[in-house]
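Structure first, then comments.
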Amino acid sequence: MSFALSQHHHVKKEEFRNFAVDELDTGPDFPRENLKKAAERGYLGLPVPKEWGGGGEDFLTYILLIEEISRVCAATGVIVAVHTSLGNFPLLNYGTPAQKERYLAGLAKGNLLGAFALTEASAGSDAAALSTSAVPVDGGYRLNGCKLFITSGGEADMYTVFTTVDFALGRKGITAFLVEKGTPGFKAGKIERKMGLKRSHTTELLMEDVFLPAVNRLGQEGEGFSIAMSLLDAGRIGIAAQGLGLAQASIDYTTTYWRDQEAAGKKASQYTCFVLADLAARLEAARLLVYRAAVIKGAGRTCTKEASMAKMFATDLAMAASTKCIDLCDFEGASQDNPLAGYFCDAKATQIYEGSNQLQRIVIARAIL
Amino acid sequence: MNFMLTEEQEMTRKMVRDFAEKELKPGAEARDDKEEFSREIFNKMGRLGLTGIPWPEEYGGGGCDFVNYVIAVEELSRIDASAGVTLSAHTSLAGWPVYKYGNEEQKKKYLEPMALGDKLGAYGLTEPTAGTDAAAQRTTAVLDGDCYVLNGSKTFITNGGEAEVNIIFAVTDKEKKSRGISAFIVEKGTPGFTYGKKERKLGLRSSPTLELIFENCRVPQENLLGQEGEGFKIAMSTLDGGRNGIAAQAVGIAQGAMEEAANYAKSREQFGQAIANFQAISFMLADMATKIEAARLLTYQAAYLESEGLPYGKASAMAKLFASEAAMEITTNAVQIFGGYGYTRDYPVERFMRDAKITQIYEGTSEVQRMVISRYLLGQS
């Protein structure tokens, strides 16, 4: 049993840390520049095999990337996570050679940005209740419907969209399609105004009589739900890593703040020390849960329970850490200009998306009962 | 980084689990009721090779790493936390300082019989007025000829009265404060070494906790452990590793309580269905399972670091803090899931809850762990 990062992982984590600190901006706009810089370093297809233009790295290395990016900019973190685990992976795992040729290489190199469209207004945690339809027509399908809360909506170049070809079949009618930006009848709706992760655009996707050739169907008719479910574990570990990065950022900020205060002669109270100690212990535990889930995932073994535990624990910690750290930094922490306020607002999303933490509890309870 | 138990570690788990199910489970409730320590159980642990897992084979040990050892404490505690602490105090608090600071003669004379399970170990640091402030020792040791003469008393000593090998801390030079404390190996039966009252406790009732009394107790000079004045360092470094053992005990208690609660929730019906179907219950169980996994990983990590010869003080403080706090919460919720039945002595969850409380207190309270961790964070000395 080993608990130490390998030399390779250690070197990579340092590299990602330096990249995030030196290169990423935290401005208000959609982080195009950040994504461009990430693409230049091969970070937008890190766990995709080299033959498809990816970095050929293992899953844990990818998770370290998401953690380190999110430590500096959680919005960039979620965009890269969604692009990788929900943009690249469906094609990698289910795409035909022609589809991979056409899209995967572009996604993995970062020339194309990927997005994933499953959620609808009345299909959230109950994803199988979706109502977007795909009606078979000559040479392909005609899509109609509306998707909600789509990360990188309007900005992404390629969308994996989930529809049903037959409502009567329930989840067995669900079918996935690859939809390019600019396809007639396909457009992004309004950009959601969110409490956090503001520079990551979240939009509706509107589909009005969108014609897609049959070659744009991903997998078989009726395979969509199992495709969506098969991606959840990897997606959850990615969000767990985002939570980890956010929690680390809150604790780092507060630790530095109090080291500086102490250097200036103001001693941290016992209360402050104890709250920080509890958070630090939980952070270490979260890191172990997240890395372990990533290692199991990378080895190709089932990790549903481990992924849910990691996601729930790390993102609950991200919320708790930012909340408590605001208290510990007095007035400064509560200022809207303070990074802690940003971490606090960003953290809330991590408890909700890729399966709310209530849903994770359902998954975990099912596994242990 | 692979997080996979080795084959040897898996075997240790299986062996100790079988032992705990067969040898500990049947009498655990009765021993708790009667507040009765079983030397026979310790002897059986010795015959199974559990009493010296991490010590080199040349001293009668198992030659295994500390992960094997914490797995053993965890598995004992999953059934009977008193047995868990017997082994943890014996190994981490009595065996470790002899292994780390003892000379060759001391290791042969004391570590080997402890490793073989022929002798039981105990650790005497705490005094009535030196608890968390362990440096405030009042027990004295004065060199007189070829012996140190010990006077004073130690309180809350696990395995007290039963242990043949006692690691005792005493002041040899009051002027030097914490640098004037020294460690001694004191054998049971040494004239002037007697026992005070046996504590009546909330939990761990089949693990004896006694007062040790020293009245002009003459300890041979060769039983000085380490150098004169090195005692406080020995005491503190011993506790760093001891915390891994207590973290493992807490993980085991929590695991035992969760398994009982999950099984009960599946079989108990209310409103026409198993109560496990209600989210009020199943979400509690999901949180329990997640915290136990987290606590277990922290504990194994600390033990792994110790085995690799890497610094583990911060890791063991984190493991002990997180695991013991989790154990208290999880056992309390396990009683809650059992409802009224959980409050009775007919089910083991109330025992788990009583046993969990001490893990937040001994070998450094949770508050001490937070002090230790925050010093690492803020770089205070």
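Following the order of the structure tokens, chains are lettered A, B, ..., residues in each are numbered from 1, and ligands are numbered from 1.
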
Near chain B, meaning an atom within 6 Å, which residues of chain A appear when counting only C-alpha atoms? Write them as a PDB file with all heavy atoms, in the first residue's frame.
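Result went into out-v2.pdb, see below:
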ATOM      1  N   MET A   1       0.844  -1.191   0.000  1.00  0.00           N
ATOM      2  CA  MET A   1       0.000   0.000   0.000  1.00  0.00           C
ATOM      3  C   MET A   1       0.878   1.240   0.000  1.00  0.00           C
ATOM      4  O   MET A   1       1.717   1.413   0.856  1.00  0.00           O
ATOM      5  CB  MET A   1      -0.883  -0.004   1.258  1.00  0.00           C
ATOM      6  CG  MET A   1      -1.674   1.278   1.451  1.00  0.00           C
ATOM      7  SD  MET A   1      -2.810   1.137   2.822  1.00  0.00           S
ATOM      8  CE  MET A   1      -4.340   0.839   1.966  1.00  0.00           C
ATOM      9  N   SER A   2       0.679   2.062  -0.977  1.00  0.00           N
ATOM     10  CA  SER A   2       1.470   3.290  -1.054  1.00  0.00           C
ATOM     11  C   SER A   2       0.568   4.507  -0.992  1.00  0.00           C
ATOM     12  O   SER A   2      -0.467   4.563  -1.646  1.00  0.00           O
ATOM     13  CB  SER A   2       2.278   3.309  -2.350  1.00  0.00           C
ATOM     14  OG  SER A   2       2.732   4.625  -2.589  1.00  0.00           O
ATOM     15  N   PHE A   3       0.984   5.487  -0.205  1.00  0.00           N
ATOM     16  CA  PHE A   3       0.225   6.729  -0.075  1.00  0.00           C
ATOM     17  C   PHE A   3       0.988   7.913  -0.636  1.00  0.00           C
ATOM     18  O   PHE A   3       0.555   9.048  -0.501  1.00  0.00           O
ATOM     19  CB  PHE A   3      -0.109   6.996   1.393  1.00  0.00           C
ATOM     20  CG  PHE A   3      -1.268   6.196   1.877  1.00  0.00           C
ATOM     21  CD1 PHE A   3      -1.082   4.916   2.349  1.00  0.00           C
ATOM     22  CD2 PHE A   3      -2.553   6.716   1.847  1.00  0.00           C
ATOM     23  CE1 PHE A   3      -2.150   4.168   2.792  1.00  0.00           C
ATOM     24  CE2 PHE A   3      -3.632   5.974   2.291  1.00  0.00           C
ATOM     25  CZ  PHE A   3      -3.433   4.696   2.766  1.00  0.00           C
ATOM     26  N   ALA A   4       2.130   7.645  -1.259  1.00  0.00           N
ATOM     27  CA  ALA A   4       2.935   8.750  -1.776  1.00  0.00           C
ATOM     28  C   ALA A   4       2.691   8.893  -3.265  1.00  0.00           C
ATOM     29  O   ALA A   4       2.572   7.897  -3.978  1.00  0.00           O
ATOM     30  CB  ALA A   4       4.401   8.479  -1.494  1.00  0.00           C
ATOM     31  N   LEU A   5       2.614  10.139  -3.725  1.00  0.00           N
ATOM     32  CA  LEU A   5       2.548  10.363  -5.166  1.00  0.00           C
ATOM     33  C   LEU A   5       3.843   9.836  -5.773  1.00  0.00           C
ATOM     34  O   LEU A   5       4.914  10.015  -5.206  1.00  0.00           O
ATOM     35  CB  LEU A   5       2.421  11.857  -5.465  1.00  0.00           C
ATOM     36  CG  LEU A   5       1.071  12.535  -5.221  1.00  0.00           C
ATOM     37  CD1 LEU A   5       1.172  14.017  -5.542  1.00  0.00           C
ATOM     38  CD2 LEU A   5      -0.037  11.899  -6.049  1.00  0.00           C
ATOM     39  N   ARG A 259      -0.417  33.874   9.207  1.00  0.00           N
ATOM     40  CA  ARG A 259       1.047  33.920   9.328  1.00  0.00           C
ATOM     41  C   ARG A 259       1.529  35.372   9.239  1.00  0.00           C
ATOM     42  O   ARG A 259       2.390  35.797  10.008  1.00  0.00           O
ATOM     43  CB  ARG A 259       1.704  33.110   8.210  1.00  0.00           C
ATOM     44  CG  ARG A 259       1.722  31.623   8.480  1.00  0.00           C
ATOM     45  CD  ARG A 259       2.351  30.882   7.299  1.00  0.00           C
ATOM     46  NE  ARG A 259       2.351  29.462   7.553  1.00  0.00           N
ATOM     47  CZ  ARG A 259       3.437  28.681   7.475  1.00  0.00           C
ATOM     48  NH1 ARG A 259       4.593  29.182   7.122  1.00  0.00           N
ATOM     49  NH2 ARG A 259       3.346  27.403   7.737  1.00  0.00           N
ATOM     50  N   CYS A 273      -6.967  28.893  15.406  1.00  0.00           N
ATOM     51  CA  CYS A 273      -6.056  27.746  15.209  1.00  0.00           C
ATOM     52  C   CYS A 273      -6.834  26.439  15.115  1.00  0.00           C
ATOM     53  O   CYS A 273      -6.548  25.585  14.271  1.00  0.00           O
ATOM     54  CB  CYS A 273      -5.065  27.651  16.367  1.00  0.00           C
ATOM     55  SG  CYS A 273      -3.884  28.996  16.403  1.00  0.00           S
ATOM     56  N   PHE A 274      -7.829  26.294  15.989  1.00  0.00           N
ATOM     57  CA  PHE A 274      -8.550  25.017  16.048  1.00  0.00           C
ATOM     58  C   PHE A 274      -9.433  24.817  14.810  1.00  0.00           C
ATOM     59  O   PHE A 274      -9.546  23.716  14.293  1.00  0.00           O
ATOM     60  CB  PHE A 274      -9.393  24.942  17.330  1.00  0.00           C
ATOM     61  CG  PHE A 274      -8.586  24.557  18.546  1.00  0.00           C
ATOM     62  CD1 PHE A 274      -7.216  24.776  18.591  1.00  0.00           C
ATOM     63  CD2 PHE A 274      -9.196  23.963  19.642  1.00  0.00           C
ATOM     64  CE1 PHE A 274      -6.470  24.420  19.707  1.00  0.00           C
ATOM     65  CE2 PHE A 274      -8.457  23.597  20.761  1.00  0.00           C
ATOM     66  CZ  PHE A 274      -7.101  23.827  20.799  1.00  0.00           C
ATOM     67  N   ALA A 277      -7.193  23.828  12.067  1.00  0.00           N
ATOM     68  CA  ALA A 277      -6.700  22.452  12.244  1.00  0.00           C
ATOM     69  C   ALA A 277      -7.751  21.443  11.779  1.00  0.00           C
ATOM     70  O   ALA A 277      -7.427  20.473  11.081  1.00  0.00           O
ATOM     71  CB  ALA A 277      -6.341  22.204  13.707  1.00  0.00           C
ATOM     72  N   ALA A 281      -7.285  18.846   8.585  1.00  0.00           N
ATOM     73  CA  ALA A 281      -7.434  17.385   8.689  1.00  0.00           C
ATOM     74  C   ALA A 281      -8.458  16.885   7.672  1.00  0.00           C
ATOM     75  O   ALA A 281      -8.258  15.858   7.012  1.00  0.00           O
ATOM     76  CB  ALA A 281      -7.848  16.988  10.112  1.00  0.00           C
ATOM     77  N   ALA A 285      -7.998  14.339   4.400  1.00  0.00           N
ATOM     78  CA  ALA A 285      -8.897  13.200   4.179  1.00  0.00           C
ATOM     79  C   ALA A 285      -9.543  13.285   2.803  1.00  0.00           C
ATOM     80  O   ALA A 285      -9.636  12.286   2.079  1.00  0.00           O
ATOM     81  CB  ALA A 285      -9.971  13.164   5.271  1.00  0.00           C
ATOM     82  N   MET A 309     -18.299   9.138  -2.783  1.00  0.00           N
ATOM     83  CA  MET A 309     -17.759   9.559  -1.485  1.00  0.00           C
ATOM     84  C   MET A 309     -16.803  10.739  -1.655  1.00  0.00           C
ATOM     85  O   MET A 309     -16.844  11.709  -0.898  1.00  0.00           O
ATOM     86  CB  MET A 309     -17.021   8.396  -0.819  1.00  0.00           C
ATOM     87  CG  MET A 309     -17.923   7.328  -0.235  1.00  0.00           C
ATOM     88  SD  MET A 309     -16.911   6.015   0.524  1.00  0.00           S
ATOM     89  CE  MET A 309     -18.172   5.140   1.479  1.00  0.00           C
ATOM     90  N   ARG A 361     -25.420  10.700  -1.702  1.00  0.00           N
ATOM     91  CA  ARG A 361     -25.772   9.908  -0.510  1.00  0.00           C
ATOM     92  C   ARG A 361     -26.668   8.726  -0.884  1.00  0.00           C
ATOM     93  O   ARG A 361     -26.557   7.645  -0.314  1.00  0.00           O
ATOM     94  CB  ARG A 361     -26.431  10.803   0.546  1.00  0.00           C
ATOM     95  CG  ARG A 361     -25.431  11.704   1.252  1.00  0.00           C
ATOM     96  CD  ARG A 361     -26.078  12.673   2.241  1.00  0.00           C
ATOM     97  NE  ARG A 361     -25.048  13.395   2.987  1.00  0.00           N
ATOM     98  CZ  ARG A 361     -24.493  14.542   2.590  1.00  0.00           C
ATOM     99  NH1 ARG A 361     -24.886  15.125   1.475  1.00  0.00           N
ATOM    100  NH2 ARG A 361     -23.553  15.114   3.312  1.00  0.00           N
ATOM    101  N   ILE A 364     -24.291   6.161  -2.369  1.00  0.00           N
ATOM    102  CA  ILE A 364     -23.457   5.513  -1.347  1.00  0.00           C
ATOM    103  C   ILE A 364     -24.308   4.565  -0.506  1.00  0.00           C
ATOM    104  O   ILE A 364     -23.908   3.429  -0.224  1.00  0.00           O
ATOM    105  CB  ILE A 364     -22.777   6.571  -0.449  1.00  0.00           C
ATOM    106  CG1 ILE A 364     -21.827   7.440  -1.287  1.00  0.00           C
ATOM    107  CG2 ILE A 364     -22.014   5.897   0.694  1.00  0.00           C
ATOM    108  CD1 ILE A 364     -21.444   8.751  -0.616  1.00  0.00           C
ATOM    109  N   ALA A 365     -25.495   5.035  -0.112  1.00  0.00           N
ATOM    110  CA  ALA A 365     -26.360   4.186   0.710  1.00  0.00           C
ATOM    111  C   ALA A 365     -26.724   2.908  -0.038  1.00  0.00           C
ATOM    112  O   ALA A 365     -26.723   1.813   0.545  1.00  0.00           O
ATOM    113  CB  ALA A 365     -27.630   4.951   1.108  1.00  0.00           C
TER     114      ALA A 365
END

Mind checking which residues fall within 10 Å of Gly124 of chain B, counting only C-alpha atoms, ignoring those fewer than 4 positions away in the same chain, and posting them as a ChimeraX atom specification? /B:93-94,153-158,160,166-170,183-184,186,211-212,235

Could you pull out all residues of segment 114-334 of chain A with a DSSP call of helix (DSSP H, G or I) and give them as a PyMOL selection string? chain A and resi 127-129+167-173+214-216+224-263+270-298+304-328+330-334

Set the distance at 7 Å and use only C-alpha atoms: which residues neighbour segment 47-53 of chain B once local chain neighbours fewer than 5 positions away are removed? I'd like the list as a count of residues only. 11

Residue set, segment 116-304 of chain B restricted to strand (DSSP E), as an NGL selection string: :B and (121-124 or 140-144 or 147-158 or 165-171 or 181-187 or 193-198 or 209-220 or 224-225 or 269-270 or 273-274)

For Gly114 of chain A: contacts at 10 Å, only C-alpha atoms, fewer than 3 positions along chain excluded, given as a ChimeraX atom specification: /A:44,79-88,103-104,106-108,110-111,151-153,155-160,180

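The residue that comes closest to Glu306 of chain B, out of B:Asp65, B:Glu35, B:Glu269, B:Glu329 and on the basis of only C-alpha atoms, is B:Asp65.
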
Please identify all polymer residues within 8 Å of Glu68 of chain A, counting only C-alpha atoms, omitting same-chain residues fewer than 2 positions from it, and present them as a list in words. Lys13, Phe16, Arg17, Ala20, Leu64, Leu65, Ile66, Ser70, Arg71, Val72 and Gly245 of chain A

I want to know what sits within 6 Å of Ala176 of chain A, based on only C-alpha atoms, with residues of the same chain fewer than 2 positions away left out; could you give that as a list in words? Val161, Phe162, Leu218 and Gly224 of chain A

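Between Phe116 of chain A and the candidates A:His9, A:Lys147, A:Arg366, A:Arg282, the tightest atom-to-atom separation, counting only C-alpha atoms, involves A:Lys147.
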
Name all residues at most 10 Å from Pro113 of chain B (count only C-alpha atoms; drop same-chain ones fewer than 4 positions away) and give them as an NGL selection string. :B and (46 or 51-52 or 59-61 or 107-109 or 117-121 or 164-165)

Residues from last step as file, N, CA, C and O atoms, as a compact mmCIF listing (two decimals), in the first residue's frame:
# COMPACT_ATOMS: atom_id res chain seq x y z
N GLY B 46 -0.95 -13.12 21.62
CA GLY B 46 0.48 -13.41 21.55
C GLY B 46 0.75 -14.64 20.71
O GLY B 46 1.64 -14.64 19.85
N THR B 51 1.12 -9.49 19.07
CA THR B 51 1.65 -8.62 20.13
C THR B 51 2.98 -7.96 19.78
O THR B 51 3.50 -7.17 20.57
N GLY B 52 3.50 -8.27 18.61
CA GLY B 52 4.77 -7.62 18.22
C GLY B 52 4.85 -7.40 16.72
O GLY B 52 5.93 -7.46 16.13
N TYR B 59 13.77 -9.67 17.55
CA TYR B 59 13.24 -9.39 18.89
C TYR B 59 11.88 -10.05 19.09
O TYR B 59 11.06 -9.58 19.89
N GLY B 60 11.64 -11.09 18.34
CA GLY B 60 10.39 -11.83 18.52
C GLY B 60 9.20 -11.22 17.81
O GLY B 60 8.06 -11.65 18.00
N GLY B 61 9.44 -10.19 17.01
CA GLY B 61 8.34 -9.50 16.35
C GLY B 61 7.95 -10.15 15.04
O GLY B 61 8.53 -11.15 14.62
N LYS B 107 16.31 -4.26 24.85
CA LYS B 107 15.44 -4.84 23.82
C LYS B 107 15.29 -6.35 24.03
O LYS B 107 14.19 -6.90 23.92
N LYS B 108 16.42 -7.01 24.33
CA LYS B 108 16.36 -8.46 24.54
C LYS B 108 15.52 -8.79 25.78
O LYS B 108 14.72 -9.72 25.80
N LYS B 109 15.74 -8.00 26.82
CA LYS B 109 15.09 -8.31 28.09
C LYS B 109 13.61 -7.94 28.11
O LYS B 109 12.80 -8.62 28.76
N GLY B 117 4.35 -11.77 23.47
CA GLY B 117 3.12 -11.84 24.24
C GLY B 117 3.31 -12.49 25.60
O GLY B 117 2.34 -12.78 26.29
N ASP B 118 4.56 -12.72 25.98
CA ASP B 118 4.82 -13.29 27.32
C ASP B 118 4.70 -12.22 28.39
O ASP B 118 4.43 -12.52 29.56
N LYS B 119 4.98 -10.98 28.01
CA LYS B 119 4.83 -9.89 28.96
C LYS B 119 3.95 -8.80 28.35
O LYS B 119 3.97 -8.58 27.14
N LEU B 120 3.20 -8.13 29.23
CA LEU B 120 2.30 -7.06 28.79
C LEU B 120 2.94 -5.72 29.15
O LEU B 120 3.61 -5.60 30.18
N GLY B 121 2.73 -4.72 28.28
CA GLY B 121 3.34 -3.42 28.50
C GLY B 121 2.34 -2.34 28.88
O GLY B 121 1.15 -2.43 28.56
N GLU B 164 3.63 -6.26 33.00
CA GLU B 164 4.91 -6.61 33.60
C GLU B 164 5.97 -5.55 33.30
O GLU B 164 6.94 -5.40 34.04
N VAL B 165 5.80 -4.87 32.14
CA VAL B 165 6.78 -3.86 31.71
C VAL B 165 6.10 -2.50 31.70
O VAL B 165 5.12 -2.29 30.97

I'd like the interatomic distance between atom CA of Pro220 of chain B and atom CA of Gly192 of chain B, to a tenth of an Å. 13.0 Å

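You can rank A:Gly154, A:Ala299, A:Asp346, A:Asp278 by their closest distance to Glu325 of chain B using only C-alpha atoms, and at the top of that list sits A:Asp278.
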
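Of the listed residues (A:Leu369, A:Ala74, A:Ile296, A:Leu328), A:Leu328 comes nearest to Thr256 of chain A; the distances count only C-alpha atoms.
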
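Counting only C-alpha atoms, the residue from B:Ser207, B:Ser307, B:Ser324, B:Gln273 that sits nearest to Asp80 of chain B is B:Ser207.
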